>>> print(open('data_15.txt').read())   # compact mmCIF, C-alpha atoms (C1' of nucleotides)
# COMPACT_ATOMS: atom_id res chain seq x y z
CA MET Z 768 -16.70 -3.21 -19.18
CA LYS Z 769 -13.31 -3.00 -20.76
CA LEU Z 770 -10.38 -0.64 -20.77
CA GLY Z 771 -8.45 -0.01 -23.95
CA GLU Z 772 -4.90 -1.20 -24.24
CA GLY Z 773 -3.80 2.39 -24.46
CA VAL Z 774 -4.22 2.74 -20.71
CA GLU Z 775 -1.53 0.22 -19.97
CA ALA Z 776 0.78 1.79 -22.52
CA ALA Z 777 0.16 5.29 -21.19
CA ILE Z 778 0.89 4.35 -17.59
CA HIS Z 779 4.07 2.52 -18.50
CA CYS Z 780 5.26 5.40 -20.64
CA ALA Z 781 4.52 7.93 -17.94
CA ALA Z 782 6.35 5.79 -15.40
CA THR Z 783 9.30 5.58 -17.73
CA LEU Z 784 9.32 9.30 -18.31
CA ALA Z 785 9.36 9.78 -14.55
CA SER Z 786 12.97 8.67 -14.49
CA VAL Z 787 14.41 10.94 -17.13
CA ASP Z 788 16.79 13.56 -15.80
CA GLY Z 789 15.75 17.16 -15.23
CA ASN Z 790 13.96 18.59 -18.21
CA SER Z 791 15.35 16.12 -20.70
CA THR Z 792 12.94 14.47 -23.09
CA MET Z 793 12.50 11.06 -24.62
CA PRO Z 794 11.18 10.52 -28.16
CA GLY Z 795 7.91 8.70 -28.67
CA ALA Z 796 9.64 6.23 -30.94
CA ALA Z 797 11.95 5.22 -28.10
CA LEU Z 798 9.01 4.70 -25.77
CA ALA Z 799 7.30 2.54 -28.37
CA GLU Z 800 10.44 0.47 -28.80
CA CYS Z 801 10.75 0.15 -25.04
CA PHE Z 802 7.47 -1.75 -24.83
CA GLY Z 803 7.28 -3.27 -28.29
CA LEU Z 804 4.34 -1.07 -29.28
CA SER Z 805 3.41 0.32 -32.65
CA PRO Z 806 5.01 3.79 -32.73
CA SER Z 807 2.36 5.49 -34.82
CA TYR Z 808 -0.45 4.36 -32.57
CA LEU Z 809 1.33 5.04 -29.32
CA LEU Z 810 1.76 8.64 -30.42
CA LYS Z 811 -2.01 9.01 -30.33
CA HIS Z 812 -2.06 8.13 -26.67
CA LEU Z 813 0.96 10.25 -25.84
CA ASN Z 814 -0.84 13.05 -27.56
CA GLN Z 815 -3.86 12.57 -25.33
CA LEU Z 816 -1.58 12.76 -22.33
CA THR Z 817 -0.09 15.95 -23.70
CA ALA Z 818 -3.53 17.44 -24.30
CA ALA Z 819 -4.41 16.61 -20.69
CA ARG Z 820 -1.25 18.42 -19.57
CA ILE Z 821 0.20 15.30 -18.05
CA LEU Z 822 3.08 15.32 -20.52
CA GLU Z 823 4.90 18.09 -22.31
CA SER Z 824 6.22 17.70 -25.81
CA VAL Z 825 9.19 19.28 -27.55
CA SER Z 826 9.39 19.38 -31.33
CA GLY Z 827 12.42 19.05 -33.47
CA PRO Z 828 15.58 16.98 -33.20
CA ALA Z 829 16.46 16.25 -29.60
CA GLY Z 830 12.73 16.61 -28.98
CA GLY Z 831 10.34 14.20 -27.33
CA TYR Z 832 8.20 13.93 -24.23
CA ARG Z 833 8.62 14.59 -20.55
CA LEU Z 834 6.33 14.82 -17.54
CA ALA Z 835 4.54 18.14 -17.27
CA ARG Z 836 4.77 18.03 -13.47
CA PRO Z 837 6.45 15.89 -10.82
CA ALA Z 838 5.39 12.27 -10.63
CA GLU Z 839 4.11 12.93 -7.11
CA ARG Z 840 1.35 15.07 -8.59
CA ILE Z 841 0.23 12.68 -11.31
CA THR Z 842 -2.30 10.01 -10.39
CA LEU Z 843 -3.44 6.93 -12.23
CA LEU Z 844 -6.84 8.57 -12.49
CA ASP Z 845 -5.32 11.48 -14.40
CA ILE Z 846 -3.88 9.08 -16.93
CA VAL Z 847 -6.93 6.84 -17.22
CA LEU Z 848 -9.25 9.79 -17.77
CA ALA Z 849 -6.90 11.31 -20.32
CA VAL Z 850 -6.82 8.13 -22.39
CA GLU Z 851 -10.31 6.73 -21.87
CA GLY Z 852 -12.21 9.97 -21.70
CA ARG Z 853 -14.06 11.55 -18.83
CA GLU Z 854 -17.51 10.17 -19.50
CA PRO Z 855 -18.82 7.65 -16.97
CA ALA Z 856 -18.88 4.00 -17.92
CA PHE Z 857 -22.61 3.76 -17.38
CA ARG Z 858 -24.81 6.03 -19.39
CA CYS Z 859 -28.46 6.08 -18.50
CA GLY Z 860 -30.52 5.85 -21.66
CA GLU Z 861 -33.71 6.56 -19.73
CA ILE Z 862 -35.25 3.52 -21.32
CA ARG Z 863 -38.07 3.60 -18.82
CA ARG Z 864 -39.59 6.35 -20.94
CA ASN Z 865 -39.53 4.26 -24.07
CA GLY Z 866 -42.38 2.00 -23.06
CA PRO Z 867 -45.79 1.89 -24.64
CA VAL Z 868 -47.39 3.77 -21.77
CA LYS Z 869 -47.12 7.42 -22.61
CA ILE Z 870 -46.52 9.70 -19.69
CA ASP Z 871 -45.40 13.27 -20.07
CA ALA Z 872 -41.86 14.26 -19.24
CA SER Z 873 -42.80 15.76 -15.88
CA ALA Z 874 -42.99 12.20 -14.52
CA TYR Z 875 -39.27 11.75 -15.08
CA VAL Z 876 -37.70 14.77 -13.49
CA LYS Z 877 -36.09 12.65 -10.79
CA PRO Z 878 -32.85 11.07 -11.89
CA CYS Z 879 -32.99 7.33 -12.29
CA GLY Z 880 -32.00 5.48 -9.12
CA ILE Z 881 -30.13 2.92 -11.15
CA ASN Z 882 -28.06 5.64 -12.72
CA ALA Z 883 -27.29 7.09 -9.31
CA ALA Z 884 -26.09 3.74 -7.99
CA MET Z 885 -23.91 3.06 -11.01
CA LEU Z 886 -22.35 6.50 -10.87
CA LYS Z 887 -21.66 6.14 -7.18
CA ALA Z 888 -19.78 2.92 -7.85
CA GLU Z 889 -17.73 4.62 -10.50
CA ARG Z 890 -16.88 7.41 -8.10
CA ALA Z 891 -15.47 4.75 -5.79
CA TYR Z 892 -13.44 3.40 -8.70
CA ARG Z 893 -12.06 6.77 -9.56
CA ALA Z 894 -11.32 7.61 -5.97
CA ALA Z 895 -9.21 4.48 -5.68
CA LEU Z 896 -7.29 5.41 -8.82
CA ALA Z 897 -6.81 8.96 -7.59
CA GLU Z 898 -5.02 7.65 -4.52
CA VAL Z 899 -2.25 6.06 -6.54
CA LYS Z 900 0.46 8.46 -7.63
CA LEU Z 901 2.79 7.83 -10.51
CA SER Z 902 5.65 8.13 -8.03
CA ASP Z 903 4.14 5.20 -6.12
CA ILE Z 904 4.25 3.07 -9.24
CA VAL Z 905 7.87 3.98 -9.87
CA ALA Z 906 8.86 3.42 -6.26
CA ASP Z 907 7.14 0.06 -6.22
CA TYR Z 908 8.88 -0.93 -9.39
CA ALA Z 909 12.25 0.05 -7.97
CA ALA Z 910 11.65 -1.69 -4.66
CA GLU Z 911 9.66 -4.79 -5.57
CA GLY Z 912 10.66 -5.47 -9.14
CA ASP Z 913 13.55 -7.61 -10.22
CA PRO Z 914 16.82 -5.63 -10.11
CA ARG Z 915 17.72 -6.82 -13.58
CA SER Z 916 14.64 -5.47 -15.31
CA PHE Z 917 14.81 -2.27 -13.29
CA ALA Z 918 18.44 -1.76 -14.28
CA ALA Z 919 17.57 -2.48 -17.89
CA SER Z 920 14.83 0.14 -17.81
CA CYS Z 921 17.16 2.74 -16.35
CA ALA Z 922 19.80 1.96 -18.93
CA PHE Z 923 17.27 2.27 -21.72
CA VAL Z 924 16.11 5.63 -20.47
CA ALA Z 925 19.66 6.87 -20.01
CA ARG Z 926 20.45 5.86 -23.57
CA HIS Z 927 17.48 7.62 -25.15
CA GLN Z 928 16.90 10.70 -23.07
CA ARG Z 929 17.99 14.00 -24.55
CA PRO Z 930 18.94 17.10 -22.61
CA GLN Z 931 17.25 20.38 -23.55
CA LYS Z 932 18.85 23.74 -24.08
CA THR Z 933 16.35 25.91 -22.28
CA ALA Z 934 16.97 26.07 -18.57
CA SER Z 935 14.33 24.60 -16.30
CA THR Z 936 13.48 25.38 -12.70
CA ASN Z 937 12.66 21.85 -11.58
CA GLN Z 938 15.79 19.75 -11.51
CA ASN Z 939 13.79 16.56 -10.87
CA MET D 119 -14.16 2.36 -20.24
CA LYS D 120 -17.68 1.71 -21.29
CA LEU D 121 -20.54 -0.50 -20.22
CA GLY D 122 -22.80 -2.08 -22.79
CA GLU D 123 -26.40 -1.00 -23.07
CA GLY D 124 -27.43 -4.45 -21.97
CA VAL D 125 -26.58 -3.58 -18.39
CA GLU D 126 -29.22 -0.91 -18.19
CA ALA D 127 -31.76 -3.18 -19.82
CA ALA D 128 -30.93 -6.08 -17.53
CA ILE D 129 -31.27 -4.03 -14.36
CA HIS D 130 -34.55 -2.52 -15.45
CA CYS D 131 -35.92 -5.91 -16.39
CA ALA D 132 -34.82 -7.45 -13.13
CA ALA D 133 -36.40 -4.59 -11.21
CA THR D 134 -39.60 -5.08 -13.15
CA LEU D 135 -39.61 -8.80 -12.48
CA ALA D 136 -39.20 -8.04 -8.80
CA SER D 137 -42.80 -6.89 -8.67
CA VAL D 138 -44.50 -9.86 -10.27
CA ASP D 139 -46.67 -11.86 -7.88
CA GLY D 140 -45.47 -15.10 -6.32
CA ASN D 141 -44.01 -17.45 -8.85
CA SER D 142 -45.72 -15.89 -11.82
CA THR D 143 -43.63 -15.15 -14.91
CA MET D 144 -43.45 -12.43 -17.50
CA PRO D 145 -42.57 -13.07 -21.15
CA GLY D 146 -39.42 -11.58 -22.57
CA ALA D 147 -41.43 -9.92 -25.30
CA ALA D 148 -43.42 -8.02 -22.69
CA LEU D 149 -40.22 -6.83 -21.01
CA ALA D 150 -38.88 -5.65 -24.35
CA GLU D 151 -42.10 -3.79 -25.05
CA CYS D 152 -41.98 -2.27 -21.59
CA PHE D 153 -38.73 -0.45 -22.39
CA GLY D 154 -38.97 -0.14 -26.15
CA LEU D 155 -36.10 -2.56 -26.72
CA SER D 156 -35.53 -4.98 -29.54
CA PRO D 157 -37.07 -8.26 -28.31
CA SER D 158 -34.63 -10.57 -30.03
CA TYR D 159 -31.61 -8.85 -28.60
CA LEU D 160 -32.99 -8.41 -25.12
CA LEU D 161 -33.48 -12.18 -24.97
CA LYS D 162 -29.71 -12.58 -25.16
CA HIS D 163 -29.27 -10.56 -22.03
CA LEU D 164 -32.14 -12.24 -20.23
CA ASN D 165 -30.50 -15.49 -21.15
CA GLN D 166 -27.26 -14.36 -19.55
CA LEU D 167 -29.18 -13.55 -16.39
CA THR D 168 -30.76 -16.98 -16.50
CA ALA D 169 -27.37 -18.66 -16.97
CA ALA D 170 -26.12 -16.73 -13.93
CA ARG D 171 -29.10 -18.04 -11.94
CA ILE D 172 -30.42 -14.56 -11.35
CA LEU D 173 -33.56 -15.31 -13.35
CA GLU D 174 -35.50 -18.48 -13.93
CA SER D 175 -37.24 -19.21 -17.20
CA VAL D 176 -40.36 -21.22 -17.95
CA SER D 177 -41.01 -22.53 -21.44
CA GLY D 178 -44.27 -22.88 -23.20
CA PRO D 179 -47.38 -20.74 -23.29
CA ALA D 180 -47.86 -18.88 -20.02
CA GLY D 181 -44.09 -19.08 -19.74
CA GLY D 182 -41.57 -16.31 -19.27
CA TYR D 183 -39.07 -15.10 -16.70
CA ARG D 184 -39.08 -14.53 -12.97
CA LEU D 185 -36.44 -13.83 -10.34
CA ALA D 186 -34.56 -16.90 -9.22
CA ARG D 187 -34.37 -15.58 -5.66
CA PRO D 188 -35.79 -12.67 -3.65
CA ALA D 189 -34.78 -9.20 -4.76
CA GLU D 190 -33.10 -8.71 -1.39
CA ARG D 191 -30.49 -11.25 -2.40
CA ILE D 192 -29.73 -9.90 -5.86
CA THR D 193 -27.18 -7.14 -6.13
CA LEU D 194 -26.31 -4.82 -8.98
CA LEU D 195 -22.93 -6.52 -9.08
CA ASP D 196 -24.60 -9.86 -9.78
CA ILE D 197 -26.37 -8.37 -12.75
CA VAL D 198 -23.41 -6.40 -14.09
CA LEU D 199 -21.11 -9.41 -13.92
CA ALA D 200 -23.70 -11.64 -15.57
CA VAL D 201 -24.08 -9.28 -18.52
CA GLU D 202 -20.58 -7.84 -18.87
CA GLY D 203 -18.62 -10.90 -17.87
CA ARG D 204 -16.45 -11.50 -14.86
CA GLU D 205 -13.12 -10.46 -16.31
CA PRO D 206 -11.59 -7.30 -14.89
CA ALA D 207 -11.69 -4.14 -16.98
CA PHE D 208 -7.93 -3.81 -16.96
CA ARG D 209 -5.92 -6.67 -18.35
CA CYS D 210 -2.20 -6.48 -17.91
CA GLY D 211 -0.50 -7.33 -21.18
CA GLU D 212 2.91 -7.44 -19.51
CA ILE D 213 4.19 -5.10 -22.16
CA ARG D 214 7.28 -4.41 -20.10
CA ARG D 215 8.58 -7.74 -21.38
CA ASN D 216 8.15 -6.75 -24.98
CA GLY D 217 11.05 -4.38 -25.08
CA PRO D 218 14.27 -4.81 -27.00
CA VAL D 219 16.22 -5.71 -23.89
CA LYS D 220 15.93 -9.45 -23.50
CA ILE D 221 15.72 -10.64 -19.92
CA ASP D 222 14.63 -14.12 -19.02
CA ALA D 223 11.22 -14.73 -17.52
CA SER D 224 12.55 -15.06 -13.98
CA ALA D 225 12.84 -11.29 -13.88
CA TYR D 226 9.06 -10.94 -14.14
CA VAL D 227 7.73 -13.25 -11.49
CA LYS D 228 6.40 -10.37 -9.41
CA PRO D 229 3.01 -9.19 -10.60
CA CYS D 230 3.03 -5.77 -12.18
CA GLY D 231 2.38 -2.98 -9.68
CA ILE D 232 0.25 -1.17 -12.22
CA ASN D 233 -1.95 -4.20 -12.58
CA ALA D 234 -2.31 -4.46 -8.82
CA ALA D 235 -3.40 -0.84 -8.53
CA MET D 236 -5.92 -1.13 -11.33
CA LEU D 237 -7.41 -4.32 -9.92
CA LYS D 238 -7.67 -2.76 -6.50
CA ALA D 239 -9.67 0.10 -7.97
CA GLU D 240 -11.97 -2.32 -9.68
CA ARG D 241 -12.51 -4.18 -6.44
CA ALA D 242 -13.71 -0.89 -4.97
CA TYR D 243 -16.06 -0.51 -7.92
CA ARG D 244 -17.46 -3.97 -7.49
CA ALA D 245 -17.78 -3.59 -3.75
CA ALA D 246 -19.89 -0.49 -4.27
CA LEU D 247 -22.14 -2.34 -6.69
CA ALA D 248 -22.40 -5.30 -4.33
CA GLU D 249 -23.85 -3.04 -1.69
CA VAL D 250 -26.87 -2.14 -3.77
CA LYS D 251 -29.64 -4.72 -3.74
CA LEU D 252 -32.27 -5.00 -6.37
CA SER D 253 -34.82 -4.44 -3.63
CA ASP D 254 -33.17 -1.08 -2.95
CA ILE D 255 -33.67 -0.07 -6.55
CA VAL D 256 -37.32 -1.06 -6.44
CA ALA D 257 -37.91 0.64 -3.11
CA ASP D 258 -36.25 3.81 -4.35
CA TYR D 259 -38.36 3.76 -7.45
CA ALA D 260 -41.54 3.33 -5.39
CA ALA D 261 -40.61 6.04 -2.90
CA GLU D 262 -38.79 8.64 -5.00
CA GLY D 263 -40.20 8.16 -8.45
CA ASP D 264 -43.23 9.89 -9.83
CA PRO D 265 -46.43 8.11 -8.72
CA ARG D 266 -47.73 8.14 -12.28
CA SER D 267 -44.84 6.26 -13.80
CA PHE D 268 -44.73 3.88 -10.86
CA ALA D 269 -48.42 3.14 -11.21
CA ALA D 270 -48.00 2.65 -14.93
CA SER D 271 -45.21 0.15 -14.32
CA CYS D 272 -47.29 -1.80 -11.85
CA ALA D 273 -50.22 -1.86 -14.23
CA PHE D 274 -48.01 -3.09 -17.04
CA VAL D 275 -46.65 -5.89 -14.90
CA ALA D 276 -50.09 -6.85 -13.67
CA ARG D 277 -51.31 -7.00 -17.24
CA HIS D 278 -48.51 -9.24 -18.51
CA GLN D 279 -47.63 -11.52 -15.64
CA ARG D 280 -48.85 -15.08 -15.85
CA PRO D 281 -49.49 -17.38 -12.90
CA GLN D 282 -47.87 -20.81 -12.91
CA LYS D 283 -49.45 -24.14 -12.13
CA THR D 284 -46.66 -25.66 -10.07
CA ALA D 285 -46.77 -24.59 -6.45
CA SER D 286 -43.86 -22.56 -5.17
CA THR D 287 -42.51 -22.18 -1.65
CA ASN D 288 -41.53 -18.55 -1.83
CA GLN D 289 -44.61 -16.37 -2.00
CA ASN D 290 -42.55 -13.28 -2.76
C1' DT V 638 -52.79 -30.84 -32.12
C1' DT V 639 -51.79 -26.13 -31.93
C1' DA V 640 -50.06 -21.97 -30.50
C1' DT V 641 -46.82 -19.70 -27.39
C1' DC V 642 -42.57 -19.28 -25.35
C1' DG V 643 -37.39 -19.84 -24.26
C1' DT V 644 -32.80 -21.67 -26.33
C1' DG V 645 -29.07 -21.65 -29.26
C1' DG V 646 -26.81 -20.97 -33.55
C1' DA V 647 -25.97 -18.48 -37.73
C1' DT V 648 -25.75 -14.22 -39.78
C1' DA V 649 -25.42 -9.38 -40.71
C1' DC V 650 -25.01 -4.54 -39.46
C1' DT V 651 -22.95 -0.85 -36.74
C1' DT V 652 -19.71 1.22 -33.80
C1' DT V 653 -15.41 1.31 -31.51
C1' DT V 654 -10.80 0.19 -31.23
C1' DT V 655 -6.43 -0.44 -33.17
C1' DA V 656 -3.14 0.69 -36.62
C1' DT V 657 -0.87 2.96 -40.61
C1' DC V 658 0.32 6.70 -43.57
C1' DC V 659 1.24 11.36 -45.17
C1' DG V 660 1.80 16.26 -45.16
C1' DC V 661 2.71 20.00 -41.99
C1' DA V 662 4.96 22.90 -38.35
C1' DA V 663 8.72 23.28 -35.11
C1' DT V 664 13.58 23.28 -34.27
C1' DA V 665 18.53 21.80 -33.30
C1' DG V 666 22.76 21.61 -35.69
C1' DG V 667 25.76 22.56 -39.42
C1' DC H 1154 19.75 28.82 -45.15
C1' DC H 1155 19.48 23.84 -45.32
C1' DT H 1156 18.68 19.39 -43.59
C1' DA H 1157 17.34 15.98 -40.58
C1' DT H 1158 14.49 14.76 -36.67
C1' DT H 1159 10.48 15.07 -34.02
C1' DG H 1160 5.61 15.99 -32.64
C1' DC H 1161 0.79 17.13 -34.61
C1' DG H 1162 -3.33 16.31 -37.11
C1' DG H 1163 -6.18 14.37 -40.52
C1' DA H 1164 -7.46 10.68 -43.63
C1' DT H 1165 -7.82 6.06 -44.11
C1' DA H 1166 -8.21 1.21 -43.30
C1' DA H 1167 -8.19 -3.17 -40.89
C1' DA H 1168 -9.73 -5.71 -36.82
C1' DA H 1169 -12.64 -6.43 -32.98
C1' DA H 1170 -16.61 -5.80 -30.22
C1' DG H 1171 -21.28 -4.58 -29.63
C1' DT H 1172 -25.89 -4.56 -31.47
C1' DA H 1173 -29.62 -6.64 -33.89
C1' DT H 1174 -32.32 -10.08 -36.65
C1' DC H 1175 -33.80 -14.54 -38.03
C1' DC H 1176 -34.78 -19.45 -37.89
C1' DA H 1177 -35.00 -24.25 -36.35
C1' DC H 1178 -35.75 -26.62 -32.20
C1' DG H 1179 -37.61 -28.39 -27.68
C1' DA H 1180 -40.89 -27.52 -23.99
C1' DT H 1181 -45.56 -27.03 -22.55
C1' DA H 1182 -50.34 -25.19 -21.53
C1' DA H 1183 -54.78 -25.36 -23.41
>>> encode(input="data_15.txt", output="structure tokens")
Amino acid sequence: MKLGEGVEAAIHCAATLASVDGNSTMPGAALAECFGLSPSYLLKHLNQLTAARILESVSGPAGGYRLARPAERITLLDIVLAVEGREPAFRCGEIRRNGPVKIDASAYVKPCGINAAMLKAERAYRAALAEVKLSDIVADYAAEGDPRSFAASCAFVARHQRPQKTASTNQN
Amino acid sequence: MKLGEGVEAAIHCAATLASVDGNSTMPGAALAECFGLSPSYLLKHLNQLTAARILESVSGPAGGYRLARPAERITLLDIVLAVEGREPAFRCGEIRRNGPVKIDASAYVKPCGINAAMLKAERAYRAALAEVKLSDIVADYAAEGDPRSFAASCAFVARHQRPQKTASTNQN
DNA sequence: TTATCGTGGATACTTTTTATCCGCAATAGG
DNA sequence: CCTATTGCGGATAAAAAGTATCCACGATAA
């Protein structure tokens, strides 16, 4: 069981985007620089977040990414599912049918108990992730993190964020 | 997030071994045949279970595998950890340090809040798996499964299990 | 002595993950 | 209109992990 590195990148980027002003955006290249990630690959993950309607993207100069909704309504589960996919970690291959003893399919209508147990565990996993909001991550970072690194993050965001022309209803 | 196919194989094999008599053993080749798996690869997983002291192995003719302890004291978590490894699914790469803004290491003594949240979710996952005993899986299979496939499984085990010479204290 | 079985290493094949590149569409600013 | 910047998508490739096979070896029951 392993999560791709994109998950960590996606969560950090989303947390960073949570502190841009109003409807301003931040370019993907700036986010990549912020965490020392390869820009071209990070864009893939940002794109997945956009497809999942967690982020919004703006093309053109002064374009970039911003959160599609307030950080209070984005959970870690949203991000993990967007990047890793929605399929469960355990996939039942029904290998019990593959044995030498041939029994017709009617003997296997009941779902496999092993599968049920594994899926139940994953529901617990997802439920725990769903309880953590992106705003919690940001608040924790602001409260528990070192003031120097927090200030540096804010300065970096302030330096790279770009205001948009079109008016927006949610002023943060 | 994805689990290897070995997990499914390992659980099915362990459940099968739960119904061998006394201290009898069952060859790995028979287990592979039972689920239509490649024998040489399944042995790797059985070996991992042996290394984790979930199974015991006996060499020589009439040798094979058996549970190292009663099925009531083997959980799905034991098996999953033995096959997939004990490392958490999420590994914090501390990418927040990789940015262009250089801050000395003293600014990052606090563990990352993202990491904490992800590990907490995985603890919930593991706790759910730890609650399911191998004996539960077997009992569910006997009670809920189709009588035909259950009978076929029992017959297969009875046909391939091999009694051991050395006396054992735990008669199932 | 022989045949069967598990162990461990070496090796190869396949799939997934990670990463890069390029052309395209969108668009802000001159 | 023109140009520069940015996101989007596909093609491609390199790296890593997962899957699978084989063989030499030690153990052991008959």
>>> atom_distance(input="data_15.txt", atom1="atom CA of D:Gln166", atom2="atom CA of D:Gly181")
17.5 Å
>>> interface_residues(input="data_15.txt", of="chain V", to="chain D", cutoff="7 Å", atoms="all atoms listed in the file", output="list of chain:residue names")
V:DT641, V:DC642, V:DG643
>>> atom_distance(input="data_15.txt", atom1="atom CA of D:Val275", atom2="atom CA of Z:Ala856")
29.6 Å
>>> interface_residues(input="data_15.txt", of="chain H", to="chain Z", cutoff="12 Å", atoms="all atoms listed in the file", output="ChimeraX atom specification")
/H:1156-1162,1169-1171
>>> write_last_selection(input="data_15.txt", atoms="C-alpha atoms (C1' of nucleotides)", output="tab-separated table (two decimals), keeping the file's coordinate frame")
chain	number	residue	atom	x	y	z
H	1156	DT	C1'	18.68	19.39	-43.59
H	1157	DA	C1'	17.34	15.98	-40.58
H	1158	DT	C1'	14.49	14.76	-36.67
H	1159	DT	C1'	10.48	15.07	-34.02
H	1160	DG	C1'	5.61	15.99	-32.64
H	1161	DC	C1'	0.79	17.13	-34.61
H	1162	DG	C1'	-3.33	16.31	-37.11
H	1169	DA	C1'	-12.64	-6.43	-32.98
H	1170	DA	C1'	-16.61	-5.80	-30.22
H	1171	DG	C1'	-21.28	-4.58	-29.63
>>> closest_residue(input="data_15.txt", among="Z:Val876, Z:Ala849, Z:Ala799, Z:Met768", to="chain D", atoms="only C-alpha atoms")
Z:Met768
>>> closest_residue(input="data_15.txt", among="Z:Glu823, Z:Glu839, Z:Asp871, Z:Glu851", to="chain D", atoms="only C-alpha atoms")
Z:Glu851
>>> atom_distance(input="data_15.txt", atom1="atom CA of Z:Ala918", atom2="atom CA of Z:Asp903")
17.9 Å
>>> residues_around(input="data_15.txt", residues="H:DA1168", least_positions_apart="3", cutoff="12 Å", atoms="all atoms listed in the file", output="PyMOL selection string")
chain V and resi 653-656
>>> write_last_selection(input="data_15.txt", atoms="C-alpha atoms (C1' of nucleotides)", output="CSV table (one decimal), keeping the file's coordinate frame")
chain,number,residue,atom,x,y,z
V,653,DT,C1',-15.4,1.3,-31.5
V,654,DT,C1',-10.8,0.2,-31.2
V,655,DT,C1',-6.4,-0.4,-33.2
V,656,DA,C1',-3.1,0.7,-36.6
>>> residues_near_point(input="data_15.txt", point="(-3.6, 8.4, -9.2)", cutoff="8 Å", atoms="only C-alpha atoms (C1' of nucleotides)", output="PyMOL selection string")
chain Z and resi 841-846+895-901
>>> write_last_selection(input="data_15.txt", atoms="C-alpha atoms", output="mmCIF file, keeping the file's coordinate frame")
data_model
loop_
_atom_site.group_PDB
_atom_site.id
_atom_site.type_symbol
_atom_site.label_atom_id
_atom_site.label_comp_id
_atom_site.auth_asym_id
_atom_site.auth_seq_id
_atom_site.Cartn_x
_atom_site.Cartn_y
_atom_site.Cartn_z
ATOM 1 C CA ILE Z 841 0.230 12.680 -11.310
ATOM 2 C CA THR Z 842 -2.300 10.010 -10.390
ATOM 3 C CA LEU Z 843 -3.440 6.930 -12.230
ATOM 4 C CA LEU Z 844 -6.840 8.570 -12.490
ATOM 5 C CA ASP Z 845 -5.320 11.480 -14.400
ATOM 6 C CA ILE Z 846 -3.880 9.080 -16.930
ATOM 7 C CA ALA Z 895 -9.210 4.480 -5.680
ATOM 8 C CA LEU Z 896 -7.290 5.410 -8.820
ATOM 9 C CA ALA Z 897 -6.810 8.960 -7.590
ATOM 10 C CA GLU Z 898 -5.020 7.650 -4.520
ATOM 11 C CA VAL Z 899 -2.250 6.060 -6.540
ATOM 12 C CA LYS Z 900 0.460 8.460 -7.630
ATOM 13 C CA LEU Z 901 2.790 7.830 -10.510
#
>>> residues_around(input="data_15.txt", residues="Z:Lys887", least_positions_apart="4", cutoff="12 Å", atoms="only C-alpha atoms (C1' of nucleotides)", output="ChimeraX atom specification")
/Z:855-857,880-883,891-894 /D:242-250
>>> interface_residues(input="data_15.txt", of="chain D", to="chain Z", cutoff="8 Å", atoms="only C-alpha atoms", output="PyMOL selection string")
chain D and resi 119-122+126-127+129-130+151-154+202+206-211+213-219+221+225-226+228+231-232+235-236+238-247+250+255+258-259+262-267+270
>>> closest_residue(input="data_15.txt", among="H:DA1183, H:DA1173, H:DA1166, H:DC1178", to="V:DC658", atoms="all atoms listed in the file")
H:DA1166
>>> residues_around(input="data_15.txt", residues="V:DG646", least_positions_apart="2", cutoff="10 Å", atoms="only C-alpha atoms (C1' of nucleotides)", output="short mmCIF file (atom, residue, chain, number, x, y, z; two decimals) with C-alpha atoms (C1' of nucleotides), in the frame of the given file")
data_model
loop_
_atom_site.label_atom_id
_atom_site.label_comp_id
_atom_site.auth_asym_id
_atom_site.auth_seq_id
_atom_site.Cartn_x
_atom_site.Cartn_y
_atom_site.Cartn_z
"C1'" DT V 644 -32.80 -21.67 -26.33
"C1'" DT V 648 -25.75 -14.22 -39.78
"C1'" DC H 1176 -34.78 -19.45 -37.89
"C1'" DA H 1177 -35.00 -24.25 -36.35
#
>>> residues_near_point(input="data_15.txt", point="(-31.0, -10.4, -39.1)", cutoff="6 Å", atoms="all atoms listed in the file", output="PyMOL selection string")
(chain V and resi 649) or (chain H and resi 1174-1175)
>>> closest_residue(input="data_15.txt", among="Z:Tyr808, Z:Leu816, Z:Ala781, Z:Ser902", to="Z:Arg840", atoms="all atoms listed in the file")
Z:Ser902
>>> residues_around(input="data_15.txt", residues="V:DT657", least_positions_apart="5", cutoff="10 Å", atoms="only C-alpha atoms (C1' of nucleotides)", output="list of chain:residue names")
Z:Ser805, Z:Pro806, Z:Ser807, Z:Tyr808, H:DT1165, H:DA1166, H:DA1167
